[in-house]
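Next comes data37.txt, with compact mmCIF, C-alpha atoms.
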# COMPACT_ATOMS: atom_id res chain seq x y z
CA MET J 20 20.65 -3.39 4.93
CA ILE J 21 16.95 -3.18 4.11
CA LEU J 22 15.68 -3.64 0.57
CA VAL J 23 12.63 -1.55 -0.36
CA THR J 24 10.98 -2.23 -3.70
CA GLY J 25 8.85 0.51 -5.22
CA ALA J 26 11.10 3.02 -3.45
CA ALA J 27 10.10 5.83 -5.82
CA GLY J 28 6.42 5.13 -5.25
CA PHE J 29 4.01 6.85 -2.88
CA ILE J 30 4.22 4.48 0.09
CA GLY J 31 7.69 3.22 -0.78
CA SER J 32 9.30 6.65 -0.73
CA HIS J 33 7.74 7.49 2.64
CA VAL J 34 8.83 4.16 4.16
CA THR J 35 12.34 4.59 2.76
CA ARG J 36 12.66 8.08 4.16
CA ARG J 37 11.56 6.90 7.59
CA LEU J 38 14.11 4.08 7.54
CA LEU J 39 16.88 6.47 6.50
CA ASP J 40 15.89 8.96 9.19
CA ARG J 41 16.33 6.33 11.86
CA GLY J 42 19.74 5.29 10.57
CA ASP J 43 19.10 2.24 8.40
CA ASP J 44 20.94 1.55 5.15
CA VAL J 45 18.43 1.14 2.34
CA ALA J 46 18.70 -0.29 -1.15
CA GLY J 47 15.75 1.06 -3.14
CA VAL J 48 14.50 -0.58 -6.32
CA ASP J 49 12.05 0.97 -8.78
CA ASN J 50 11.51 0.72 -12.54
CA LEU J 51 10.19 4.32 -12.78
CA ASN J 52 7.45 3.25 -15.20
CA ASP J 53 5.00 5.71 -16.74
CA TYR J 54 1.77 4.44 -15.12
CA TYR J 55 1.71 8.05 -13.91
CA ASP J 56 4.04 11.03 -14.36
CA PRO J 57 7.61 9.74 -13.78
CA ARG J 58 8.66 13.26 -12.79
CA LEU J 59 6.80 12.83 -9.51
CA LYS J 60 8.70 9.58 -8.89
CA GLU J 61 11.99 11.28 -9.72
CA ALA J 62 11.18 14.12 -7.31
CA ARG J 63 10.54 11.60 -4.54
CA LEU J 64 13.86 9.92 -5.35
CA GLN J 65 15.69 13.21 -5.23
CA ARG J 66 14.60 13.69 -1.62
CA LEU J 67 15.92 10.23 -0.72
CA SER J 68 19.21 10.58 -2.57
CA ALA J 69 20.37 13.28 -0.16
CA SER J 70 21.25 10.45 2.23
CA GLU J 71 24.53 8.56 1.80
CA ARG J 72 22.79 5.48 3.20
CA PHE J 73 20.42 5.29 0.24
CA HIS J 74 21.41 3.17 -2.75
CA PHE J 75 19.09 3.30 -5.76
CA VAL J 76 18.80 0.61 -8.42
CA ARG J 77 16.60 1.15 -11.45
CA ALA J 78 15.18 -2.29 -12.14
CA ASP J 79 11.92 -4.12 -12.60
CA VAL J 80 11.11 -6.66 -9.86
CA GLY J 81 9.99 -9.02 -12.61
CA ASP J 82 13.52 -9.03 -14.09
CA ARG J 83 14.98 -12.15 -12.50
CA GLU J 84 18.61 -11.49 -13.40
CA ALA J 85 18.49 -7.89 -12.22
CA MET J 86 16.92 -8.84 -8.90
CA GLU J 87 19.40 -11.67 -8.40
CA ARG J 88 22.15 -9.08 -8.75
CA VAL J 89 20.42 -6.79 -6.23
CA PHE J 90 20.16 -9.54 -3.63
CA ALA J 91 23.74 -10.66 -4.28
CA GLU J 92 25.22 -7.16 -4.06
CA TYR J 93 23.26 -5.70 -1.14
CA LYS J 94 22.52 -8.88 0.86
CA PRO J 95 19.47 -7.40 2.62
CA GLN J 96 18.57 -8.72 6.05
CA ARG J 97 14.97 -7.54 5.62
CA VAL J 98 12.79 -6.72 2.64
CA VAL J 99 9.82 -4.35 2.31
CA HIS J 100 8.12 -5.25 -0.95
CA LEU J 101 5.87 -2.40 -2.14
CA ALA J 102 6.45 -2.51 -5.90
CA ALA J 103 3.26 -3.48 -7.70
CA GLN J 104 0.91 -2.52 -10.47
CA ALA J 105 -1.73 -0.58 -8.55
CA GLY J 106 -5.28 0.45 -9.36
CA VAL J 107 -8.52 -1.53 -9.46
CA ARG J 108 -9.97 0.16 -12.56
CA TYR J 109 -6.73 -0.09 -14.55
CA SER J 110 -6.83 -3.87 -14.03
CA LEU J 111 -10.03 -4.03 -16.10
CA THR J 112 -8.26 -2.81 -19.23
CA ASN J 113 -4.62 -3.84 -18.66
CA PRO J 114 -4.79 -7.23 -16.93
CA PHE J 115 -1.41 -8.53 -18.09
CA ALA J 116 0.38 -5.65 -16.34
CA TYR J 117 -0.88 -7.14 -13.06
CA THR J 118 0.31 -10.69 -13.62
CA ARG J 119 3.74 -9.48 -14.76
CA SER J 120 4.33 -7.18 -11.82
CA ASN J 121 2.22 -8.58 -9.01
CA ILE J 122 2.65 -12.30 -9.63
CA ASP J 123 5.92 -12.80 -11.54
CA GLY J 124 7.56 -9.90 -9.70
CA PHE J 125 6.50 -11.21 -6.32
CA LEU J 126 7.87 -14.66 -7.11
CA THR J 127 11.22 -13.09 -7.93
CA ILE J 128 11.22 -11.39 -4.52
CA LEU J 129 10.28 -14.61 -2.74
CA GLU J 130 13.13 -16.44 -4.45
CA GLY J 131 15.56 -13.70 -3.46
CA CYS J 132 14.41 -13.93 0.14
CA ARG J 133 14.65 -17.72 0.11
CA HIS J 134 18.17 -17.93 -1.27
CA GLY J 135 19.38 -14.81 0.54
CA GLY J 136 18.35 -15.97 3.99
CA VAL J 137 16.22 -12.85 4.56
CA GLU J 138 15.02 -12.64 8.16
CA HIS J 139 11.69 -10.95 7.39
CA LEU J 140 9.69 -10.11 4.28
CA VAL J 141 6.98 -7.48 4.70
CA PHE J 142 4.80 -7.04 1.62
CA ALA J 143 1.88 -4.89 0.55
CA SER J 144 -1.47 -6.59 0.31
CA SER J 145 -4.70 -4.62 0.06
CA SER J 146 -8.13 -4.16 1.60
CA SER J 147 -9.42 -5.15 -1.84
CA VAL J 148 -8.84 -8.82 -0.94
CA TYR J 149 -12.07 -8.66 1.10
CA GLY J 150 -13.92 -8.42 -2.22
CA ALA J 151 -17.55 -9.48 -1.96
CA ASN J 152 -17.43 -9.65 1.86
CA THR J 153 -20.07 -7.41 3.45
CA ARG J 154 -19.58 -8.21 7.14
CA GLN J 155 -17.71 -5.24 8.62
CA PRO J 156 -15.36 -4.21 10.02
CA PHE J 157 -13.20 -6.47 7.86
CA SER J 158 -11.13 -8.83 10.00
CA GLU J 159 -8.03 -10.83 9.10
CA HIS J 160 -9.90 -13.82 10.54
CA HIS J 161 -12.56 -13.59 7.80
CA ASN J 162 -12.42 -15.70 4.65
CA VAL J 163 -11.24 -13.72 1.60
CA ASP J 164 -11.95 -16.11 -1.27
CA HIS J 165 -14.23 -13.85 -3.34
CA PRO J 166 -12.21 -11.02 -4.98
CA VAL J 167 -14.08 -8.72 -7.38
CA SER J 168 -11.11 -7.41 -9.39
CA LEU J 169 -7.97 -8.90 -10.88
CA TYR J 170 -5.94 -6.49 -8.75
CA ALA J 171 -7.52 -7.97 -5.63
CA ALA J 172 -6.91 -11.49 -6.90
CA THR J 173 -3.20 -10.79 -7.38
CA LYS J 174 -2.94 -9.44 -3.83
CA LYS J 175 -4.66 -12.54 -2.44
CA ALA J 176 -2.29 -14.62 -4.57
CA ASN J 177 0.67 -12.80 -2.97
CA GLU J 178 -0.56 -13.81 0.48
CA LEU J 179 -0.85 -17.43 -0.63
CA MET J 180 2.55 -17.45 -2.33
CA ALA J 181 4.19 -15.95 0.75
CA HIS J 182 2.57 -18.62 2.91
CA THR J 183 3.94 -21.32 0.64
CA TYR J 184 7.50 -19.97 1.02
CA ALA J 185 7.06 -19.58 4.77
CA SER J 186 5.89 -23.18 4.99
CA LEU J 187 8.38 -24.81 2.62
CA PHE J 188 11.48 -22.70 3.19
CA GLY J 189 10.90 -20.92 6.50
CA VAL J 190 10.84 -17.41 4.99
CA PRO J 191 9.14 -15.23 7.66
CA ALA J 192 6.54 -13.16 5.83
CA THR J 193 3.93 -10.59 6.83
CA GLY J 194 1.29 -9.22 4.48
CA LEU J 195 -0.20 -5.79 5.18
CA ARG J 196 -3.68 -5.03 3.93
CA PHE J 197 -3.65 -1.27 3.33
CA PHE J 198 -6.94 0.64 3.43
CA THR J 199 -7.30 3.63 1.04
CA VAL J 200 -3.98 5.38 1.67
CA TYR J 201 -3.71 9.14 1.09
CA GLY J 202 -1.36 12.01 1.87
CA PRO J 203 1.49 14.18 0.52
CA TRP J 204 3.41 12.80 -2.49
CA GLY J 205 0.44 10.59 -3.34
CA ARG J 206 -0.38 9.05 -6.70
CA PRO J 207 -2.23 11.21 -9.24
CA ASP J 208 -4.77 8.41 -9.85
CA MET J 209 -5.88 8.47 -6.19
CA ALA J 210 -9.16 10.13 -5.19
CA LEU J 211 -7.75 12.96 -3.06
CA PHE J 212 -5.22 13.91 -5.75
CA LYS J 213 -7.82 13.88 -8.53
CA PHE J 214 -10.41 15.75 -6.50
CA THR J 215 -7.95 18.46 -5.43
CA ARG J 216 -6.66 18.95 -8.96
CA GLY J 217 -10.16 19.05 -10.43
CA ILE J 218 -11.57 21.47 -7.86
CA LEU J 219 -8.65 23.87 -8.26
CA ALA J 220 -9.03 23.72 -12.05
CA GLY J 221 -12.77 24.37 -11.85
CA GLU J 222 -13.55 21.04 -13.52
CA PRO J 223 -16.33 18.60 -12.59
CA ILE J 224 -14.95 15.77 -10.47
CA PRO J 225 -16.15 12.18 -11.10
CA VAL J 226 -17.87 10.71 -8.03
CA PHE J 227 -18.72 7.03 -8.32
CA ASN J 228 -21.77 5.39 -6.77
CA GLU J 229 -23.13 8.96 -6.57
CA GLY J 230 -20.90 9.58 -3.55
CA ARG J 231 -22.42 6.83 -1.43
CA MET J 232 -19.09 4.99 -1.25
CA VAL J 233 -17.64 4.60 2.26
CA ARG J 234 -13.88 4.29 2.70
CA ASP J 235 -11.50 3.83 5.61
CA PHE J 236 -9.16 6.64 4.48
CA THR J 237 -5.75 6.06 6.09
CA TYR J 238 -3.09 8.75 6.30
CA ILE J 239 0.36 7.90 4.96
CA ASP J 240 2.22 8.54 8.24
CA ASP J 241 0.02 5.94 9.95
CA ILE J 242 0.74 3.45 7.18
CA VAL J 243 4.49 4.03 7.53
CA GLU J 244 4.37 3.63 11.31
CA GLY J 245 2.56 0.34 10.89
CA VAL J 246 5.02 -0.93 8.28
CA ILE J 247 8.06 -0.07 10.40
CA ARG J 248 6.67 -1.62 13.56
CA VAL J 249 5.71 -4.81 11.75
CA LEU J 250 9.09 -4.95 9.99
CA ASP J 251 10.80 -4.93 13.39
CA HIS J 252 8.68 -7.89 14.58
CA PRO J 253 9.33 -10.84 12.25
CA ALA J 254 6.46 -13.22 11.69
CA ALA J 255 6.50 -16.32 13.86
CA ALA J 256 4.62 -19.60 13.74
CA ASP J 257 1.51 -19.88 15.89
CA PRO J 258 1.75 -23.10 17.93
CA ALA J 259 -2.00 -22.99 18.61
CA TRP J 260 -2.92 -23.00 14.91
CA THR J 261 -4.78 -26.11 13.82
CA GLY J 262 -5.83 -27.43 10.44
CA ASP J 263 -9.08 -28.69 11.97
CA ASP J 264 -10.20 -25.07 12.40
CA PRO J 265 -7.77 -23.01 10.29
CA ASP J 266 -7.47 -19.33 11.17
CA PRO J 267 -6.93 -17.32 7.93
CA ALA J 268 -4.89 -14.71 9.84
CA ARG J 269 -2.22 -17.04 11.21
CA SER J 270 -0.37 -20.25 10.47
CA TYR J 271 1.80 -23.10 11.69
CA ALA J 272 4.41 -21.40 9.46
CA PRO J 273 6.09 -18.01 10.12
CA TRP J 274 3.40 -16.09 8.22
CA ARG J 275 0.64 -13.63 9.09
CA VAL J 276 -1.48 -10.79 7.73
CA PHE J 277 -2.56 -7.48 9.28
CA ASN J 278 -5.03 -4.76 8.39
CA ILE J 279 -3.72 -1.20 8.48
CA GLY J 280 -6.68 1.16 8.32
CA ASN J 281 -7.92 4.25 10.09
CA ASN J 282 -10.89 2.29 11.55
CA LYS J 283 -13.08 5.40 11.15
CA PRO J 284 -14.80 5.10 7.75
CA VAL J 285 -16.01 8.24 5.98
CA GLN J 286 -18.60 8.61 3.22
CA LEU J 287 -17.10 9.91 -0.01
CA LEU J 288 -19.35 12.99 -0.07
CA GLU J 289 -18.17 13.89 3.42
CA TYR J 290 -14.56 13.44 2.32
CA ILE J 291 -15.16 15.78 -0.61
CA SER J 292 -16.71 18.37 1.71
CA VAL J 293 -13.54 18.33 3.81
CA ILE J 294 -11.48 18.96 0.65
CA GLU J 295 -13.82 21.82 -0.34
CA GLU J 296 -13.51 23.36 3.12
CA THR J 297 -9.72 23.04 3.09
CA LEU J 298 -9.40 24.58 -0.39
CA GLY J 299 -12.10 27.18 0.18
CA ILE J 300 -13.68 26.23 -3.15
CA LYS J 301 -16.98 24.47 -3.88
CA ALA J 302 -16.70 21.38 -6.09
CA THR J 303 -18.79 20.57 -9.14
CA LEU J 304 -19.74 16.91 -8.83
CA ASP J 305 -20.21 14.50 -11.73
CA LEU J 306 -22.28 11.77 -10.04
CA LEU J 307 -21.66 8.39 -11.67
CA PRO J 308 -22.75 4.78 -11.06
CA MET J 309 -20.62 2.20 -9.29
CA GLN J 310 -17.68 0.99 -11.36
CA PRO J 311 -16.98 -2.72 -11.95
CA GLY J 312 -14.44 -4.04 -9.46
CA ASP J 313 -15.32 -1.45 -6.78
CA VAL J 314 -16.96 -2.22 -3.45
CA PRO J 315 -19.40 0.14 -1.70
CA SER J 316 -17.74 0.15 1.71
CA THR J 317 -14.51 -0.69 3.56
CA MET J 318 -13.73 -0.59 7.27
CA ALA J 319 -10.72 -2.11 8.99
CA ASP J 320 -10.64 -4.08 12.20
CA VAL J 321 -7.13 -3.28 13.48
CA ARG J 322 -7.20 -5.10 16.81
CA GLU J 323 -4.64 -7.65 15.61
CA LEU J 324 -2.18 -4.92 14.62
CA GLU J 325 -2.65 -3.11 17.92
CA ARG J 326 -2.26 -6.33 19.91
CA GLU J 327 0.87 -7.42 18.06
CA VAL J 328 2.82 -4.15 17.70
CA GLY J 329 0.99 -1.69 19.95
CA PHE J 330 -0.20 0.66 17.23
CA LYS J 331 -3.36 1.65 15.39
CA PRO J 332 -3.84 4.48 12.87
CA SER J 333 -5.48 7.60 14.29
CA THR J 334 -4.86 10.64 12.04
CA PRO J 335 -8.21 12.43 11.49
CA VAL J 336 -9.26 12.88 7.87
CA ARG J 337 -9.50 16.66 8.31
CA GLU J 338 -5.85 16.83 9.42
CA GLY J 339 -4.63 14.47 6.72
CA VAL J 340 -6.41 16.37 3.95
CA ARG J 341 -5.01 19.68 5.23
CA ARG J 342 -1.45 18.32 5.07
CA PHE J 343 -2.01 16.98 1.56
CA VAL J 344 -3.43 20.26 0.28
CA GLU J 345 -0.47 22.18 1.75
CA TRP J 346 1.92 19.82 -0.05
CA TYR J 347 -0.07 20.00 -3.31
CA ARG J 348 -0.15 23.80 -3.38
CA ASP J 349 3.56 23.97 -2.65
CA TYR J 350 4.65 21.24 -5.11
CA TYR J 351 2.51 22.49 -8.02
CA LYS J 352 2.82 26.18 -7.07
CA VAL J 353 -0.96 26.60 -7.09
Translate this structure into structure tokens?
Amino acid sequence: MILVTGAAGFIGSHVTRRLLDRGDDVAGVDNLNDYYDPRLKEARLQRLSASERFHFVRADVGDREAMERVFAEYKPQRVVHLAAQAGVRYSLTNPFAYTRSNIDGFLTILEGCRHGGVEHLVFASSSSVYGANTRQPFSEHHNVDHPVSLYAATKKANELMAHTYASLFGVPATGLRFFTVYGPWGRPDMALFKFTRGILAGEPIPVFNEGRMVRDFTYIDDIVEGVIRVLDHPAAADPAWTGDDPDPARSYAPWRVFNIGNNKPVQLLEYISVIEETLGIKATLDLLPMQPGDVPSTMADVRELEREVGFKPSTPVREGVRRFVEWYRDYYKV
């Protein structure tokens, strides 16, 4: 049995479906909150519920008693923890939502893994942990002590908390730093979703930093492949690790972190032009300054992921956008 938290979410639903397709039993947990339209979450769930191997529990990961019951009933061997309060900009106005979900909720998961003897915890971190770093591509071996948003700080905290449990209690844990994920069934607050909706509606689309942002846009299927491969390779201690020259990517404990990014960064204006070309409609751009908490550029070094599990993301942006637009037109009957 594999426990997936955030199973009704964008990444969580895709990961769950992949696990079910390969024959795993999955217990999915989600609180179906209204951060965005719950109907989209329910539609994702409906696709998963067609499988007899899928067991859904509506619960909040921050609810200790509910999660204790989940661990006791389903006794998962492995856990994929994807439930979190997402969004950099939302963290500027709703900070307490992030500590409740991303800190308290993560601690509940760690305790469940500790007492349930879970053989591997894989959890979502974020490229945002690189914060004020400007040396690129971002490497797991770089220091990440300068976050520029509370969201990023909670993700860095998750990595530290997981290390503590790996060190004290031997809970094997792997953190995955996702880089700008996009694709079908995505979140409405994500750039591709907002741009597509706005262009089709003939509305100006907000473009921050006047479009000079650069992002390592990573297609959802590549993210899922990375998650599954990592899940099947539990974290192990590195016997060569030394406290005299500590490597931030590894540990004496069964803990590690990996980047999962497309390693082919694209300027935002170029990304928008691909959307325009795919839709066959010219966008009206509302050029805006950089927002607090944002960074101008992200690019992933994925050599560690490739070395460890033999995989690196490779879906071209043009192909990924085309697949999203096909899904969007079909789902919203546009």
So, counting only C-alpha atoms, which residue among J:Arg72, J:Lys331, J:Lys94, J:His134 is closest to J:Glu244?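 Of all the options, J:Lys331 lies closest to J:Glu244.
Within the 7 Å cut-off around J:Pro166, using all atoms listed in the file and omitting residues fewer than 2 positions from it on the same chain, the listed residues are Val148, Tyr149, Gly150, Ala151, Asp164, Ser168, Ala171 and Ala172 of chain J.
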For a test of reading the model, state the distance in Å between atom CA of J:Ile242 and atom CA of J:Ala259, rounded to one decimal.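 Here the two named atoms are 28.9 Å from each other.
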Nearest to J:Gly245: which of J:Ile128, J:Ala176, J:Ala143, J:Leu111 is it, counting only C-alpha atoms? J:Ala143
I'd like the contact shell of J:Ala210 - 10 Å cut-off, only C-alpha atoms, skipping same-chain residues fewer than 6 positions apart - returned as a VMD selection string. chain J and resid 199 to 201 216 224 to 226 287 290 to 291
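Checking J:Ala272, J:Met209, J:Val163, J:Ala103 one by one against J:Tyr184, counting all atoms listed in the file, you find the shortest gap at J:Ala272.
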Counting only C-alpha atoms, which residues in stretch 64-134 of chain J sit no more than 12 Å from stretch 299-314 of chain J? For each one, give the nearest pair of atoms and the distance in Å, sorted by chain then residue number, as a Markdown table.
| residue | atom | partner | partner_atom | distance |
| --- | --- | --- | --- | --- |
| J:Gly106 | CA | J:Gly312 | CA | 10.2 |
| J:Val107 | CA | J:Gly312 | CA | 6.4 |
| J:Arg108 | CA | J:Gly312 | CA | 6.9 |
| J:Tyr109 | CA | J:Gly312 | CA | 10.0 |
| J:Ser110 | CA | J:Gly312 | CA | 8.9 |
| J:Leu111 | CA | J:Gly312 | CA | 8.0 |
| J:Thr112 | CA | J:Pro311 | CA | 11.4 |
Which of these, J:Thr317, J:Thr193, J:Gln155, J:Asn52, has the shortest distance to J:Ser270 once you count all atoms listed in the file? J:Thr193
